[in-house]
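> One file: data-v5.json (JSON, C-alpha atoms).
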[["chain", "number", "residue", "atom", "x", "y", "z"],
["A", 1, "TRP", "CA", -25.33, 72.79, -62.77],
["A", 2, "ARG", "CA", -25.03, 69.94, -60.34],
["A", 3, "ARG", "CA", -27.68, 67.55, -59.15],
["A", 4, "ARG", "CA", -27.96, 66.92, -55.43],
["A", 5, "GLN", "CA", -30.32, 64.76, -53.47],
["A", 6, "ASN", "CA", -31.14, 65.52, -49.85],
["A", 7, "CYS", "CA", -32.19, 63.31, -46.96],
["A", 8, "LEU", "CA", -35.87, 63.65, -47.97],
["A", 9, "ASN", "CA", -35.09, 62.06, -51.34],
["A", 10, "THR", "CA", -35.79, 65.35, -53.11],
["A", 11, "LEU", "CA", -33.72, 66.23, -56.15],
["A", 12, "PHE", "CA", -32.39, 69.78, -56.51],
["A", 13, "LEU", "CA", -30.43, 71.42, -59.28],
["A", 14, "ILE", "CA", -27.59, 73.50, -57.92],
["A", 15, "CYS", "CA", -25.88, 76.17, -59.98],
["A", 16, "MET", "CA", -22.26, 76.79, -58.99],
["A", 17, "MET", "CA", -20.22, 79.38, -60.89],
["A", 18, "ARG", "CA", -16.81, 80.74, -60.01],
["A", 19, "SER", "CA", -17.91, 84.17, -61.25],
["A", 20, "GLN", "CA", -20.89, 84.15, -58.82],
["A", 21, "GLU", "CA", -22.93, 85.99, -61.48],
["A", 22, "VAL", "CA", -26.10, 83.94, -60.89],
["A", 23, "ALA", "CA", -26.02, 84.49, -57.12],
["A", 24, "LYS", "CA", -25.42, 88.20, -57.66],
["A", 25, "GLY", "CA", -28.22, 88.40, -60.22],
["A", 26, "PHE", "CA", -30.67, 86.73, -57.82],
["A", 27, "ARG", "CA", -29.38, 88.89, -54.94],
["A", 28, "ALA", "CA", -28.70, 85.78, -52.88],
["A", 29, "VAL", "CA", -27.24, 86.40, -49.44],
["A", 30, "CYS", "CA", -26.73, 82.94, -47.92],
["A", 31, "THR", "CA", -26.66, 79.24, -48.63],
["A", 32, "PRO", "CA", -28.89, 77.39, -48.97],
["A", 33, "GLU", "CA", -31.33, 79.83, -50.54],
["A", 34, "PHE", "CA", -34.31, 78.53, -52.50],
["A", 35, "TYR", "CA", -35.91, 80.07, -55.59],
["A", 36, "LEU", "CA", -38.98, 78.48, -57.17],
["A", 37, "PHE", "CA", -40.07, 79.73, -60.58],
["A", 38, "LYS", "CA", -43.33, 78.94, -62.32],
["A", 39, "LYS", "CA", -44.57, 79.42, -65.84],
["A", 40, "ASP", "CA", -48.16, 80.17, -66.82],
["A", 41, "GLY", "CA", -48.98, 79.69, -70.47],
["A", 42, "ARG", "CA", -47.06, 82.03, -72.74],
["A", 43, "ARG", "CA", -45.86, 84.36, -70.00],
["A", 44, "PRO", "CA", -42.19, 84.12, -69.05],
["A", 45, "PHE", "CA", -41.07, 82.31, -65.92],
["A", 46, "GLU", "CA", -41.80, 84.28, -62.78],
["A", 47, "LEU", "CA", -40.43, 83.98, -59.28],
["A", 48, "PHE", "CA", -43.09, 82.27, -57.18],
["A", 49, "TYR", "CA", -41.21, 81.47, -53.97],
["A", 50, "HIS", "CA", -37.95, 82.73, -52.48],
["A", 51, "GLY", "CA", -37.23, 81.57, -48.98],
["A", 52, "GLN", "CA", -36.26, 78.88, -46.56],
["A", 53, "PHE", "CA", -36.46, 75.11, -46.93],
["A", 54, "ASP", "CA", -38.19, 74.72, -43.56],
["A", 55, "ASP", "CA", -37.97, 75.88, -39.93],
["A", 56, "SER", "CA", -35.11, 73.52, -39.02],
["A", 57, "ARG", "CA", -31.83, 75.02, -37.88],
["A", 58, "PRO", "CA", -28.70, 73.35, -36.54],
["A", 59, "SER", "CA", -29.45, 74.79, -33.10],
["A", 60, "ASN", "CA", -33.21, 74.25, -32.68],
["A", 61, "ASN", "CA", -33.83, 70.46, -32.87],
["A", 62, "VAL", "CA", -36.68, 70.98, -35.38],
["A", 63, "PRO", "CA", -36.59, 68.05, -37.83],
["A", 64, "VAL", "CA", -35.74, 68.67, -41.48],
["A", 65, "THR", "CA", -38.98, 68.35, -43.44],
["A", 66, "GLY", "CA", -38.73, 70.72, -46.39],
["A", 67, "ARG", "CA", -42.23, 71.88, -45.49],
["A", 68, "ASP", "CA", -42.04, 75.48, -46.73],
["A", 69, "LEU", "CA", -40.54, 74.61, -50.10],
["A", 70, "SER", "CA", -42.83, 71.57, -50.52],
["A", 71, "ARG", "CA", -45.92, 73.65, -49.83],
["A", 72, "ALA", "CA", -44.73, 76.28, -52.31],
["A", 73, "ILE", "CA", -44.22, 73.61, -54.99],
["A", 74, "ASP", "CA", -47.71, 72.19, -54.34],
["A", 75, "CYS", "CA", -49.26, 75.66, -54.63],
["A", 76, "ALA", "CA", -47.38, 76.46, -57.83],
["A", 77, "LEU", "CA", -48.46, 73.18, -59.43],
["A", 78, "SER", "CA", -52.10, 73.59, -58.40],
["A", 79, "GLY", "CA", -52.34, 77.25, -59.41],
["A", 80, "GLN", "CA", -52.96, 78.45, -55.85],
["A", 81, "GLU", "CA", -51.42, 81.44, -54.11],
["A", 82, "LEU", "CA", -49.12, 80.81, -51.16],
["A", 83, "PRO", "CA", -51.19, 80.57, -47.96],
["A", 84, "PHE", "CA", -48.22, 81.53, -45.78],
["A", 85, "ASP", "CA", -45.59, 84.24, -45.52],
["A", 86, "GLN", "CA", -42.27, 83.47, -47.12],
["A", 87, "LYS", "CA", -39.51, 83.35, -44.52],
["A", 88, "PRO", "CA", -35.99, 84.25, -45.62],
["A", 89, "SER", "CA", -33.35, 81.55, -45.76],
["A", 90, "VAL", "CA", -30.93, 81.24, -42.88],
["A", 91, "GLY", "CA", -27.49, 79.85, -43.52],
["A", 92, "CYS", "CA", -23.88, 80.69, -44.16],
["A", 93, "SER", "CA", -23.32, 84.05, -45.78],
["A", 94, "ILE", "CA", -21.96, 84.04, -49.31],
["A", 95, "LYS", "CA", -18.28, 84.95, -49.48],
["A", 96, "TRP", "CA", -18.11, 87.27, -52.49],
["A", 97, "HIS", "CA", -15.02, 87.21, -54.72],
["A", 98, "LYS", "CA", -13.42, 90.54, -55.45]]
Please render this file's structure as structure tokens.

Amino acid sequence: WRRRQNCLNTLFLICMMRSQEVAKGFRAVCTPEFYLFKKDGRRPFELFYHGQFDDSRPSNNVPVTGRDLSRAIDCALSGQELPFDQKPSVGCSIKWHK
């Protein structure tokens, strides 16, 4: 696990494994790809959000805000459902080792 901080001063834990077993287990297809898990009481962790960071792309001049992931975190912490559709991440495809 590595800790990274982005331009919005948000801390992320990044899992990097040569075997790629975590990415394969999560069925990741590109980087960056965001997974947010939440835990309610005694139930195990469950996937709450899987999607993009925000609508910014290198080619669209939309500023990086982290809006989608931030809204998902707020909803998870407040016990609300997501009020928006989860959009898939867009990025570089994962180069799988053989």
> Return the single residue from A:Ala23, A:Pro32, A:Lys39, A:Glu81 that is closest to Arg57 in chain A, with distances computed using only C-alpha atoms.
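Answer, going by the shortest atom-to-atom distance: A:Pro32.
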> Quick one: of A:Asn60, A:Lys98, A:Phe48, A:Asp54, who's nearest to Gln80 in chain A, counting only C-alpha atoms?
A:Phe48
> Quick one: everything within 10 Å of range 62-70 of chain A, counting only C-alpha atoms, minus sequence neighbours fewer than 4 positions away in the same chain. Send it as a PyMOL selection string.
chain A and resi 6-8+10+34-36+49-58+74-76+82+84-87
> In Å, with one decimal, what is the gap from CA of Cys15 in chain A to CA of Asp40 in chain A?
23.6 Å
> Between CA of Val22 in chain A and CA of Arg42 in chain A, what distance in Å does the model show, to one decimal?
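So the answer is 24.2 Å.
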> From the options A:Trp96, A:Pro83, A:Ile73, A:Ser19, which residue's atoms come nearest to Leu47 in chain A, counting only C-alpha atoms?
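Closest to Leu47 in chain A of all the choices is A:Ile73.
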> Work out how far apart CA of Thr31 in chain A and CA of Gly79 in chain A are and give it in Å to one decimal.
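Computing the Euclidean distance for CA of Thr31 in chain A and CA of Gly79 in chain A yields 27.9 Å.
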